[in-house]
Amino acid sequence: MCRDMTGPKAFVVGWPIAHSRSPLIHGTWLKQLGLPGSYEKIAVPPEDFPAFVAGLRAAGFAGGNVTIPHKQTAAALCGKLTATAQRLGAVNTLWFEGDVLVGDNTDGAGFLGALDQEAPDWDKRRRDLAIVLGAGGAARAVADALLTRGFGRLIIANRTLDRADALVRQIRDARCEASGFLGAQAALPRADLLVNTTSAGMLGQPPLDFAVDDLPEHAVVDDIVYVPRVTPLLRAASARGLRTVGGLGMLLHQAAPGFEHWFGMRPKVTPELRAIVEADIAGERR
Ligand code: ATR
């Protein structure tokens with residue numbers, strides 16, 4: 001680990017990066033745990049990203065987070081990848097082992113961490129079928145996490161069927177099948193979990209056009225969107241009495257492994273941290 005008087009240095013890199021909550025999350029943990037260290041956001045355009053990564057060691061960084069649009073390039077530039085990062089072909093967390101740059105993708109672990117914390121035993125009763133809406137990078141991480149957790153069957157449903165087909169081909173797991181939204185609607189009565197990974201329902205976007213009426217009573221509905229905290233999808237699920245999980249927990253849980261690598265302690269996702277980040281989001285919307 002890279003230490004000087006001020007402690008290890010970490011970063012989040014993206015393009016753009018202005019709205020990243022990561023500095024607030026890691027800054028809060030550093031303060032709460034009384035650890036020395038710093039975490040800064042750095043805007044780097046795609047053409048400069050390889051040089052940025054090549055200069056990390058010399059700049060004294062212990063590691064950092066990577067966000068859009070650099071996650072795939074970062075995976076290609078790492079000396080070593082975790083098994084998850086290899087499967088996903090994208091990394092969001094970097095650290096050094098000696099001089100070797102290591103990359104992991106913690107989005108799926110963050111997704112599971114939020115479900116475990118906010119809907120305890122969500123996967124204990126049945127995990128026969130999960131329906132994942134969307135076919136982008138987030139859908140890929142969520143699908144990978146659910147397959148790792150042992151779901152028997154996964155439907156990846158997308159507005160554009162071709163993209164769902166392409167994602168299923170990439171995942172290469174016989175438990176996984178592609179569908180349009182109509183097919184997903186028809187499968188709802190047998191689903192144990194419904195996850196929205198699309199951007200629909202996000203602040204400034206149209207709501208997701210997907211009814212939850214046919215889900216069984218034990219089903220959990222998870223929306224990885226976190227602004228607003230309660231999306232129209234989650235509101236409809238709550239109105240039916242279903243258990244719901246929003247996206248903020250995933251954002252907080254995906255950050256924890258990196259913090260441990262750079263600063264040496266595993267941080268906790270507490271109600272206090274959640275309140276601090278929620279207040280920041282509310283402040284920005286005001
Ligand atoms: P990610 O951020 O996960 O990488 P992305 O590549 O930006 O995602 O893709 C956004 C996802 O949201 C896609 O699955 C997109 O569906 P299409 O492939 O059909 O475009 C989905 N999406 C965006 N707006 C949507 C809407 N209004 N209704 C349904 N799906 C929507």
# chains A, B, ... in the order shown; residues from 1 in each chain; ligands from 1
call {"tool": "residues_near_ligand", "arguments": {"ligand": "ligand 1", "cutoff": "9 Å", "atoms": "only C-alpha atoms and all ligand atoms", "output": "ChimeraX atom specification"}}
result
/A:68,133-141,157-164,181,196-201,205-210
call {"tool": "write_last_selection", "arguments": {"atoms": "N, CA and C atoms", "output": "compact mmCIF listing (two decimals), in the first residue's frame"}}
result
# COMPACT_ATOMS: atom_id res chain seq x y z
N ILE A 68 -17.92 5.29 -16.31
CA ILE A 68 -18.21 5.52 -17.72
C ILE A 68 -17.36 6.66 -18.28
N LEU A 133 -34.53 -6.65 -16.39
CA LEU A 133 -34.94 -5.75 -17.46
C LEU A 133 -33.76 -4.88 -17.88
N GLY A 134 -33.43 -4.87 -19.17
CA GLY A 134 -32.31 -4.09 -19.67
C GLY A 134 -31.22 -5.01 -20.19
N ALA A 135 -30.36 -4.47 -21.05
CA ALA A 135 -29.32 -5.32 -21.66
C ALA A 135 -28.00 -4.57 -21.80
N GLY A 136 -27.75 -3.58 -20.94
CA GLY A 136 -26.48 -2.85 -20.97
C GLY A 136 -25.47 -3.43 -19.99
N GLY A 137 -24.45 -2.65 -19.65
CA GLY A 137 -23.40 -3.11 -18.74
C GLY A 137 -23.94 -3.47 -17.36
N ALA A 138 -24.90 -2.69 -16.88
CA ALA A 138 -25.46 -2.97 -15.55
C ALA A 138 -26.21 -4.30 -15.55
N ALA A 139 -26.94 -4.57 -16.63
CA ALA A 139 -27.68 -5.84 -16.73
C ALA A 139 -26.70 -7.01 -16.71
N ARG A 140 -25.57 -6.81 -17.36
CA ARG A 140 -24.59 -7.89 -17.42
C ARG A 140 -24.03 -8.20 -16.03
N ALA A 141 -23.71 -7.16 -15.27
CA ALA A 141 -23.17 -7.36 -13.92
C ALA A 141 -24.22 -8.00 -13.01
N ALA A 157 -34.68 -9.42 -20.31
CA ALA A 157 -35.71 -8.84 -21.17
C ALA A 157 -35.35 -7.41 -21.51
N ASN A 158 -35.37 -7.10 -22.78
CA ASN A 158 -35.02 -5.75 -23.21
C ASN A 158 -36.04 -5.25 -24.20
N ARG A 159 -36.21 -3.90 -24.19
CA ARG A 159 -37.10 -3.26 -25.17
C ARG A 159 -36.68 -3.66 -26.59
N THR A 160 -35.36 -3.65 -26.82
CA THR A 160 -34.82 -4.06 -28.12
C THR A 160 -34.32 -5.50 -27.97
N LEU A 161 -35.06 -6.45 -28.56
CA LEU A 161 -34.76 -7.87 -28.34
C LEU A 161 -33.34 -8.24 -28.79
N ASP A 162 -32.86 -7.63 -29.88
CA ASP A 162 -31.52 -7.96 -30.40
C ASP A 162 -30.44 -7.79 -29.34
N ARG A 163 -30.57 -6.73 -28.52
CA ARG A 163 -29.54 -6.48 -27.49
C ARG A 163 -29.61 -7.53 -26.39
N ALA A 164 -30.82 -7.98 -26.06
CA ALA A 164 -30.96 -9.04 -25.05
C ALA A 164 -30.34 -10.34 -25.59
N PHE A 181 -40.17 -7.40 -23.65
CA PHE A 181 -40.94 -7.09 -22.44
C PHE A 181 -42.22 -7.91 -22.35
N ASN A 196 -34.89 -3.96 -12.36
CA ASN A 196 -34.78 -2.99 -13.45
C ASN A 196 -33.35 -2.47 -13.52
N THR A 197 -32.69 -2.71 -14.66
CA THR A 197 -31.36 -2.12 -14.88
C THR A 197 -31.40 -1.09 -16.01
N THR A 198 -32.61 -0.79 -16.52
CA THR A 198 -32.69 0.23 -17.58
C THR A 198 -32.65 1.61 -16.93
N SER A 199 -32.48 2.62 -17.78
CA SER A 199 -32.46 4.00 -17.25
C SER A 199 -33.86 4.57 -17.15
N ALA A 200 -34.87 3.82 -17.57
CA ALA A 200 -36.25 4.29 -17.46
C ALA A 200 -36.63 4.42 -15.98
N GLY A 201 -37.30 5.53 -15.64
CA GLY A 201 -37.67 5.77 -14.24
C GLY A 201 -36.70 6.68 -13.54
N GLN A 205 -36.12 10.93 -17.07
CA GLN A 205 -36.43 9.90 -18.07
C GLN A 205 -37.89 9.47 -17.91
N PRO A 206 -38.50 8.91 -18.97
CA PRO A 206 -39.88 8.41 -18.81
C PRO A 206 -39.90 7.25 -17.83
N PRO A 207 -41.06 7.02 -17.17
CA PRO A 207 -41.14 5.85 -16.28
C PRO A 207 -41.06 4.56 -17.09
N LEU A 208 -40.68 3.50 -16.42
CA LEU A 208 -40.61 2.20 -17.09
C LEU A 208 -42.04 1.72 -17.36
N ASP A 209 -42.29 1.30 -18.58
CA ASP A 209 -43.63 0.84 -18.95
C ASP A 209 -43.69 -0.67 -18.71
N PHE A 210 -43.87 -1.07 -17.45
CA PHE A 210 -43.83 -2.50 -17.11
C PHE A 210 -44.65 -2.72 -15.84
call {"tool": "select_by_dssp", "arguments": {"residues": "range 84-272 of chain A", "states": "helix (DSSP H, G or I)", "output": "ChimeraX atom specification"}}
result
/A:84-88,107-118,137-148,161-171,181-190,232-239,248-263,271-272
call {"tool": "atom_distance", "arguments": {"atom1": "CA of Gly79 in chain A", "atom2": "CA of Ala10 in chain A"}}
result
18.4 Å
call {"tool": "closest_residue", "arguments": {"among": "A:Ala256, A:Thr73, A:Asp144, A:Gln32", "to": "Leu167 in chain A", "atoms": "only C-alpha atoms"}}
result
A:Asp144
call {"tool": "residues_around", "arguments": {"residues": "range 225-237 of chain A", "least_positions_apart": "5", "cutoff": "6 Å", "atoms": "only C-alpha atoms", "output": "JSON, numbers by chain"}}
result
{"A": [201, 202, 203, 242, 247, 248]}
call {"tool": "write_last_selection", "arguments": {"atoms": "N, CA, C and O atoms", "output": "PDB file, in the first residue's frame"}}
result
ATOM      1  N   GLY A 201     -37.304   5.533 -15.638  1.00  0.00           N
ATOM      2  CA  GLY A 201     -37.672   5.774 -14.241  1.00  0.00           C
ATOM      3  C   GLY A 201     -36.697   6.681 -13.535  1.00  0.00           C
ATOM      4  O   GLY A 201     -36.971   7.211 -12.455  1.00  0.00           O
ATOM      5  N   MET A 202     -35.514   6.874 -14.156  1.00  0.00           N
ATOM      6  CA  MET A 202     -34.510   7.793 -13.620  1.00  0.00           C
ATOM      7  C   MET A 202     -35.021   9.220 -13.766  1.00  0.00           C
ATOM      8  O   MET A 202     -35.808   9.503 -14.685  1.00  0.00           O
ATOM      9  N   LEU A 203     -34.592  10.116 -12.887  1.00  0.00           N
ATOM     10  CA  LEU A 203     -34.977  11.525 -12.966  1.00  0.00           C
ATOM     11  C   LEU A 203     -34.723  12.050 -14.382  1.00  0.00           C
ATOM     12  O   LEU A 203     -33.634  11.880 -14.923  1.00  0.00           O
ATOM     13  N   LEU A 242     -45.316  -5.790  -2.125  1.00  0.00           N
ATOM     14  CA  LEU A 242     -44.105  -6.571  -2.409  1.00  0.00           C
ATOM     15  C   LEU A 242     -42.908  -5.908  -1.736  1.00  0.00           C
ATOM     16  O   LEU A 242     -42.882  -4.692  -1.525  1.00  0.00           O
ATOM     17  N   GLY A 247     -31.791   1.623  -5.652  1.00  0.00           N
ATOM     18  CA  GLY A 247     -30.433   1.534  -6.183  1.00  0.00           C
ATOM     19  C   GLY A 247     -29.333   2.115  -5.309  1.00  0.00           C
ATOM     20  O   GLY A 247     -28.146   1.856  -5.553  1.00  0.00           O
ATOM     21  N   LEU A 248     -29.705   2.887  -4.286  1.00  0.00           N
ATOM     22  CA  LEU A 248     -28.660   3.534  -3.494  1.00  0.00           C
ATOM     23  C   LEU A 248     -27.760   2.524  -2.786  1.00  0.00           C
ATOM     24  O   LEU A 248     -26.536   2.700  -2.713  1.00  0.00           O
TER      25      LEU A 248
END
call {"tool": "closest_atom_pairs", "arguments": {"of": "range 58-89 of chain A", "to": "range 36-46 of chain A", "cutoff": "9 Å", "atoms": "only C-alpha atoms", "output": "JSON lines"}}
result
{"residue": "A:Gly64", "atom": "CA", "partner": "A:Tyr39", "partner_atom": "CA", "distance": 8.2}
{"residue": "A:Pro69", "atom": "CA", "partner": "A:Pro46", "partner_atom": "CA", "distance": 7.3}
{"residue": "A:His70", "atom": "CA", "partner": "A:Pro46", "partner_atom": "CA", "distance": 6.9}
{"residue": "A:Thr73", "atom": "CA", "partner": "A:Pro46", "partner_atom": "CA", "distance": 8.8}
call {"tool": "residues_around", "arguments": {"residues": "Thr82 in chain A", "least_positions_apart": "2", "cutoff": "7 Å", "atoms": "only C-alpha atoms", "output": "number ranges by chain"}}
result
A: 80, 84-86, 103-104
call {"tool": "closest_residue", "arguments": {"among": "A:Val12, A:Ala90, A:Arg243, A:Gly55", "to": "Asp121 in chain A", "atoms": "only C-alpha atoms"}}
result
A:Arg243
call {"tool": "residues_around", "arguments": {"residues": "Phe11 in chain A", "least_positions_apart": "6", "cutoff": "12 Å", "atoms": "only C-alpha atoms", "output": "PyMOL selection string"}}
result
chain A and resi 17+20-27+37-44+52-53+56+59-67+92-95+255+258-259+262
call {"tool": "write_last_selection", "arguments": {"atoms": "N, CA and C atoms", "output": "CSV table (one decimal), in the first residue's frame"}}
result
chain,number,residue,atom,x,y,z
A,17,ILE,N,-17.3,13.5,-14.9
A,17,ILE,CA,-17.2,12.9,-13.5
A,17,ILE,C,-17.8,13.8,-12.5
A,20,SER,N,-20.2,12.5,-9.7
A,20,SER,CA,-19.9,11.3,-9.0
A,20,SER,C,-20.1,11.4,-7.5
A,21,ARG,N,-20.8,10.4,-6.9
A,21,ARG,CA,-21.0,10.4,-5.4
A,21,ARG,C,-19.8,9.8,-4.7
A,22,SER,N,-18.9,9.2,-5.5
A,22,SER,CA,-17.8,8.4,-4.8
A,22,SER,C,-17.0,9.2,-3.9
A,23,PRO,N,-16.6,10.4,-4.2
A,23,PRO,CA,-15.8,11.2,-3.2
A,23,PRO,C,-16.5,11.3,-1.9
A,24,LEU,N,-17.8,11.6,-1.9
A,24,LEU,CA,-18.6,11.7,-0.7
A,24,LEU,C,-18.6,10.4,0.1
A,25,ILE,N,-18.8,9.3,-0.6
A,25,ILE,CA,-18.9,8.0,0.1
A,25,ILE,C,-17.6,7.7,0.7
A,26,HIS,N,-16.5,7.7,0.0
A,26,HIS,CA,-15.2,7.4,0.5
A,26,HIS,C,-14.7,8.4,1.6
A,27,GLY,N,-15.0,9.7,1.3
A,27,GLY,CA,-14.6,10.7,2.3
A,27,GLY,C,-15.3,10.5,3.6
A,37,GLY,N,-5.9,9.5,4.6
A,37,GLY,CA,-6.0,9.1,3.1
A,37,GLY,C,-6.8,10.2,2.4
A,38,SER,N,-6.8,10.1,1.1
A,38,SER,CA,-7.6,11.0,0.3
A,38,SER,C,-8.2,10.3,-0.9
A,39,TYR,N,-9.3,10.9,-1.4
A,39,TYR,CA,-10.0,10.3,-2.6
A,39,TYR,C,-10.5,11.5,-3.4
A,40,GLU,N,-10.0,11.5,-4.7
A,40,GLU,CA,-10.4,12.7,-5.5
A,40,GLU,C,-11.0,12.2,-6.8
A,41,LYS,N,-11.8,13.1,-7.4
A,41,LYS,CA,-12.4,12.8,-8.7
A,41,LYS,C,-11.5,13.4,-9.8
A,42,ILE,N,-11.3,12.7,-10.9
A,42,ILE,CA,-10.4,13.1,-12.0
A,42,ILE,C,-11.2,12.9,-13.3
A,43,ALA,N,-11.3,14.0,-14.1
A,43,ALA,CA,-11.9,13.9,-15.4
A,43,ALA,C,-10.8,13.6,-16.4
A,44,VAL,N,-11.0,12.5,-17.1
A,44,VAL,CA,-10.0,12.1,-18.1
A,44,VAL,C,-10.8,11.7,-19.4
A,52,PHE,N,-3.1,8.0,-18.5
A,52,PHE,CA,-3.5,8.2,-17.1
A,52,PHE,C,-3.2,7.0,-16.3
A,53,VAL,N,-3.6,5.8,-16.9
A,53,VAL,CA,-3.4,4.5,-16.1
A,53,VAL,C,-1.9,4.2,-16.0
A,56,LEU,N,-0.3,6.0,-13.0
A,56,LEU,CA,-0.9,5.9,-11.7
A,56,LEU,C,0.2,5.7,-10.6
A,59,ALA,N,2.3,8.6,-9.9
A,59,ALA,CA,1.6,9.7,-9.2
A,59,ALA,C,1.3,9.3,-7.7
A,60,GLY,N,1.6,8.1,-7.3
A,60,GLY,CA,1.5,7.7,-5.9
A,60,GLY,C,0.1,7.2,-5.5
A,61,PHE,N,-0.7,6.8,-6.5
A,61,PHE,CA,-2.0,6.3,-6.2
A,61,PHE,C,-2.0,4.9,-5.7
A,62,ALA,N,-2.8,4.6,-4.7
A,62,ALA,CA,-2.9,3.2,-4.2
A,62,ALA,C,-3.9,2.4,-5.1
A,63,GLY,N,-4.8,3.2,-5.8
A,63,GLY,CA,-5.8,2.6,-6.7
A,63,GLY,C,-6.9,3.6,-6.8
A,64,GLY,N,-8.0,3.1,-7.4
A,64,GLY,CA,-9.2,4.0,-7.6
A,64,GLY,C,-10.3,3.3,-8.3
A,65,ASN,N,-11.4,4.1,-8.5
A,65,ASN,CA,-12.6,3.6,-9.2
A,65,ASN,C,-12.6,4.1,-10.6
A,66,VAL,N,-13.2,3.3,-11.5
A,66,VAL,CA,-13.3,3.7,-12.9
A,66,VAL,C,-14.8,3.7,-13.3
A,67,THR,N,-15.2,4.8,-13.9
A,67,THR,CA,-16.6,4.8,-14.4
A,67,THR,C,-16.7,5.1,-15.9
A,92,ASN,N,-14.4,-1.7,-12.4
A,92,ASN,CA,-14.8,-0.4,-11.8
A,92,ASN,C,-13.9,-0.1,-10.6
A,93,THR,N,-12.9,-1.1,-10.3
A,93,THR,CA,-12.1,-0.9,-9.1
A,93,THR,C,-10.7,-1.4,-9.4
A,94,LEU,N,-9.7,-0.5,-9.1
A,94,LEU,CA,-8.3,-0.8,-9.4
A,94,LEU,C,-7.5,-0.7,-8.2
A,95,TRP,N,-6.5,-1.6,-8.0
A,95,TRP,CA,-5.5,-1.4,-6.9
A,95,TRP,C,-4.2,-2.1,-7.4
A,255,ALA,N,-18.9,0.2,-3.5
A,255,ALA,CA,-17.7,1.0,-3.1
A,255,ALA,C,-16.8,0.4,-2.1
A,258,GLY,N,-13.2,-1.6,-2.8
A,258,GLY,CA,-12.1,-0.7,-3.2
A,258,GLY,C,-11.5,0.0,-1.9
A,259,PHE,N,-12.4,0.5,-1.1
A,259,PHE,CA,-11.9,1.2,0.1
A,259,PHE,C,-11.0,0.3,0.9
A,262,TRP,N,-7.5,0.0,-0.7
A,262,TRP,CA,-6.6,1.2,-0.6
A,262,TRP,C,-6.3,1.6,0.8
call {"tool": "closest_residue", "arguments": {"among": "A:Leu112, A:Leu273, A:Ala184, A:Val142", "to": "Ile155 in chain A", "atoms": "only C-alpha atoms"}}
result
A:Ala184
call {"tool": "select_by_dssp", "arguments": {"residues": "range 94-265 of chain A", "states": "strand (DSSP E)", "output": "ChimeraX atom specification"}}
result
/A:94-97,100-104,129-133,153-157,176-179,193-196,220-223,243-245
call {"tool": "write_last_selection", "arguments": {"atoms": "C-alpha atoms", "output": "PDB file, in the first residue's frame"}}
result
ATOM      1  CA  LEU A  94      -8.288  -0.815  -9.435  1.00  0.00           C
ATOM      2  CA  TRP A  95      -5.495  -1.448  -6.949  1.00  0.00           C
ATOM      3  CA  PHE A  96      -1.855  -2.484  -7.000  1.00  0.00           C
ATOM      4  CA  GLU A  97      -0.375  -5.799  -5.951  1.00  0.00           C
ATOM      5  CA  VAL A 100       0.839  -5.141 -10.926  1.00  0.00           C
ATOM      6  CA  LEU A 101      -2.369  -3.220 -11.571  1.00  0.00           C
ATOM      7  CA  VAL A 102      -5.326  -5.414 -10.589  1.00  0.00           C
ATOM      8  CA  GLY A 103      -8.920  -4.837 -11.737  1.00  0.00           C
ATOM      9  CA  ASP A 104     -12.196  -6.030 -10.276  1.00  0.00           C
ATOM     10  CA  LEU A 129     -36.489 -17.488 -11.778  1.00  0.00           C
ATOM     11  CA  ALA A 130     -35.186 -13.917 -11.915  1.00  0.00           C
ATOM     12  CA  ILE A 131     -36.210 -11.405 -14.582  1.00  0.00           C
ATOM     13  CA  VAL A 132     -33.667  -8.712 -15.438  1.00  0.00           C
ATOM     14  CA  LEU A 133     -34.940  -5.746 -17.464  1.00  0.00           C
ATOM     15  CA  ARG A 153     -33.228 -19.521 -14.558  1.00  0.00           C
ATOM     16  CA  LEU A 154     -32.715 -15.982 -15.724  1.00  0.00           C
ATOM     17  CA  ILE A 155     -34.732 -14.043 -18.288  1.00  0.00           C
ATOM     18  CA  ILE A 156     -32.974 -10.998 -19.723  1.00  0.00           C
ATOM     19  CA  ALA A 157     -35.710  -8.838 -21.165  1.00  0.00           C
ATOM     20  CA  CYS A 176     -30.042 -17.602 -19.261  1.00  0.00           C
ATOM     21  CA  GLU A 177     -32.544 -16.682 -21.987  1.00  0.00           C
ATOM     22  CA  ALA A 178     -33.454 -13.513 -23.911  1.00  0.00           C
ATOM     23  CA  SER A 179     -36.894 -12.001 -24.189  1.00  0.00           C
ATOM     24  CA  LEU A 193     -37.112 -11.471  -8.361  1.00  0.00           C
ATOM     25  CA  LEU A 194     -37.601  -8.613 -10.832  1.00  0.00           C
ATOM     26  CA  VAL A 195     -34.704  -6.205 -11.416  1.00  0.00           C
ATOM     27  CA  ASN A 196     -34.781  -2.993 -13.447  1.00  0.00           C
ATOM     28  CA  VAL A 220     -38.831  -8.931  -4.517  1.00  0.00           C
ATOM     29  CA  VAL A 221     -38.583  -5.937  -6.876  1.00  0.00           C
ATOM     30  CA  ASP A 222     -35.195  -4.230  -7.193  1.00  0.00           C
ATOM     31  CA  ASP A 223     -34.580  -1.038  -9.170  1.00  0.00           C
ATOM     32  CA  ARG A 243     -40.653  -6.139  -0.869  1.00  0.00           C
ATOM     33  CA  THR A 244     -38.588  -3.519  -2.714  1.00  0.00           C
ATOM     34  CA  VAL A 245     -34.932  -2.493  -2.892  1.00  0.00           C
TER      35      VAL A 245
END
call {"tool": "atom_distance", "arguments": {"atom1": "CA of Ala275 in chain A", "atom2": "CA of Gly249 in chain A"}}
result
11.3 Å
call {"tool": "atom_distance", "arguments": {"atom1": "CA of Leu88 in chain A", "atom2": "CA of Pro267 in chain A"}}
result
25.0 Å
call {"tool": "closest_residue", "arguments": {"among": "A:Gly246, A:Gly283, A:Pro271, A:Gly152", "to": "Ala119 in chain A", "atoms": "only C-alpha atoms"}}
result
A:Gly246
call {"tool": "decode", "arguments": {"residues": "range 102-111 of chain A", "atoms": "all heavy atoms", "output": "mmCIF file, in the first residue's frame"}}
result
data_model
loop_
_atom_site.group_PDB
_atom_site.id
_atom_site.type_symbol
_atom_site.label_atom_id
_atom_site.label_comp_id
_atom_site.auth_asym_id
_atom_site.auth_seq_id
_atom_site.Cartn_x
_atom_site.Cartn_y
_atom_site.Cartn_z
ATOM 1 N N VAL A 102 -4.279 -4.393 -10.640
ATOM 2 C CA VAL A 102 -5.326 -5.414 -10.589
ATOM 3 C C VAL A 102 -6.689 -4.744 -10.757
ATOM 4 O O VAL A 102 -6.923 -3.665 -10.209
ATOM 5 C CB VAL A 102 -5.297 -6.169 -9.239
ATOM 6 C CG1 VAL A 102 -6.273 -7.348 -9.264
ATOM 7 C CG2 VAL A 102 -3.900 -6.660 -8.923
ATOM 8 N N GLY A 103 -7.581 -5.384 -11.521
ATOM 9 C CA GLY A 103 -8.920 -4.837 -11.737
ATOM 10 C C GLY A 103 -10.009 -5.795 -11.311
ATOM 11 O O GLY A 103 -9.921 -6.996 -11.547
ATOM 12 N N ASP A 104 -11.037 -5.232 -10.672
ATOM 13 C CA ASP A 104 -12.196 -6.030 -10.276
ATOM 14 C C ASP A 104 -13.452 -5.296 -10.739
ATOM 15 O O ASP A 104 -13.409 -4.092 -11.018
ATOM 16 C CB ASP A 104 -12.214 -6.199 -8.742
ATOM 17 C CG ASP A 104 -13.236 -7.230 -8.276
ATOM 18 O OD1 ASP A 104 -13.780 -7.991 -9.118
ATOM 19 O OD2 ASP A 104 -13.492 -7.288 -7.062
ATOM 20 N N ASN A 105 -14.552 -6.012 -10.812
ATOM 21 C CA ASN A 105 -15.837 -5.374 -11.064
ATOM 22 C C ASN A 105 -16.738 -5.693 -9.875
ATOM 23 O O ASN A 105 -17.107 -6.852 -9.670
ATOM 24 C CB ASN A 105 -16.448 -5.884 -12.371
ATOM 25 C CG ASN A 105 -17.642 -5.041 -12.769
ATOM 26 O OD1 ASN A 105 -18.509 -4.759 -11.941
ATOM 27 N ND2 ASN A 105 -17.684 -4.622 -14.008
ATOM 28 N N THR A 106 -17.070 -4.683 -9.101
ATOM 29 C CA THR A 106 -17.798 -4.898 -7.849
ATOM 30 C C THR A 106 -19.285 -4.536 -7.974
ATOM 31 O O THR A 106 -19.995 -4.519 -6.968
ATOM 32 C CB THR A 106 -17.168 -4.082 -6.698
ATOM 33 O OG1 THR A 106 -17.341 -2.685 -6.977
ATOM 34 C CG2 THR A 106 -15.689 -4.384 -6.534
ATOM 35 N N ASP A 107 -19.743 -4.239 -9.196
ATOM 36 C CA ASP A 107 -21.155 -3.856 -9.354
ATOM 37 C C ASP A 107 -22.096 -4.985 -8.931
ATOM 38 O O ASP A 107 -23.096 -4.746 -8.247
ATOM 39 C CB ASP A 107 -21.441 -3.467 -10.811
ATOM 40 C CG ASP A 107 -20.892 -2.092 -11.158
ATOM 41 O OD1 ASP A 107 -20.722 -1.268 -10.239
ATOM 42 O OD2 ASP A 107 -20.615 -1.841 -12.344
ATOM 43 N N GLY A 108 -21.766 -6.212 -9.344
ATOM 44 C CA GLY A 108 -22.626 -7.345 -9.000
ATOM 45 C C GLY A 108 -22.617 -7.619 -7.503
ATOM 46 O O GLY A 108 -23.659 -7.884 -6.900
ATOM 47 N N ALA A 109 -21.437 -7.539 -6.898
ATOM 48 C CA ALA A 109 -21.344 -7.745 -5.443
ATOM 49 C C ALA A 109 -22.114 -6.650 -4.711
ATOM 50 O O ALA A 109 -22.754 -6.903 -3.680
ATOM 51 C CB ALA A 109 -19.881 -7.760 -5.008
ATOM 52 N N GLY A 110 -22.052 -5.424 -5.241
ATOM 53 C CA GLY A 110 -22.804 -4.318 -4.638
ATOM 54 C C GLY A 110 -24.299 -4.547 -4.731
ATOM 55 O O GLY A 110 -25.047 -4.310 -3.775
ATOM 56 N N PHE A 111 -24.727 -5.055 -5.872
ATOM 57 C CA PHE A 111 -26.142 -5.370 -6.085
ATOM 58 C C PHE A 111 -26.616 -6.427 -5.083
ATOM 59 O O PHE A 111 -27.645 -6.268 -4.414
ATOM 60 C CB PHE A 111 -26.313 -5.845 -7.534
ATOM 61 C CG PHE A 111 -27.599 -6.530 -7.831
ATOM 62 C CD1 PHE A 111 -28.775 -5.809 -7.959
ATOM 63 C CD2 PHE A 111 -27.637 -7.911 -7.991
ATOM 64 C CE1 PHE A 111 -29.972 -6.457 -8.230
ATOM 65 C CE2 PHE A 111 -28.820 -8.559 -8.264
ATOM 66 C CZ PHE A 111 -29.994 -7.834 -8.378
#
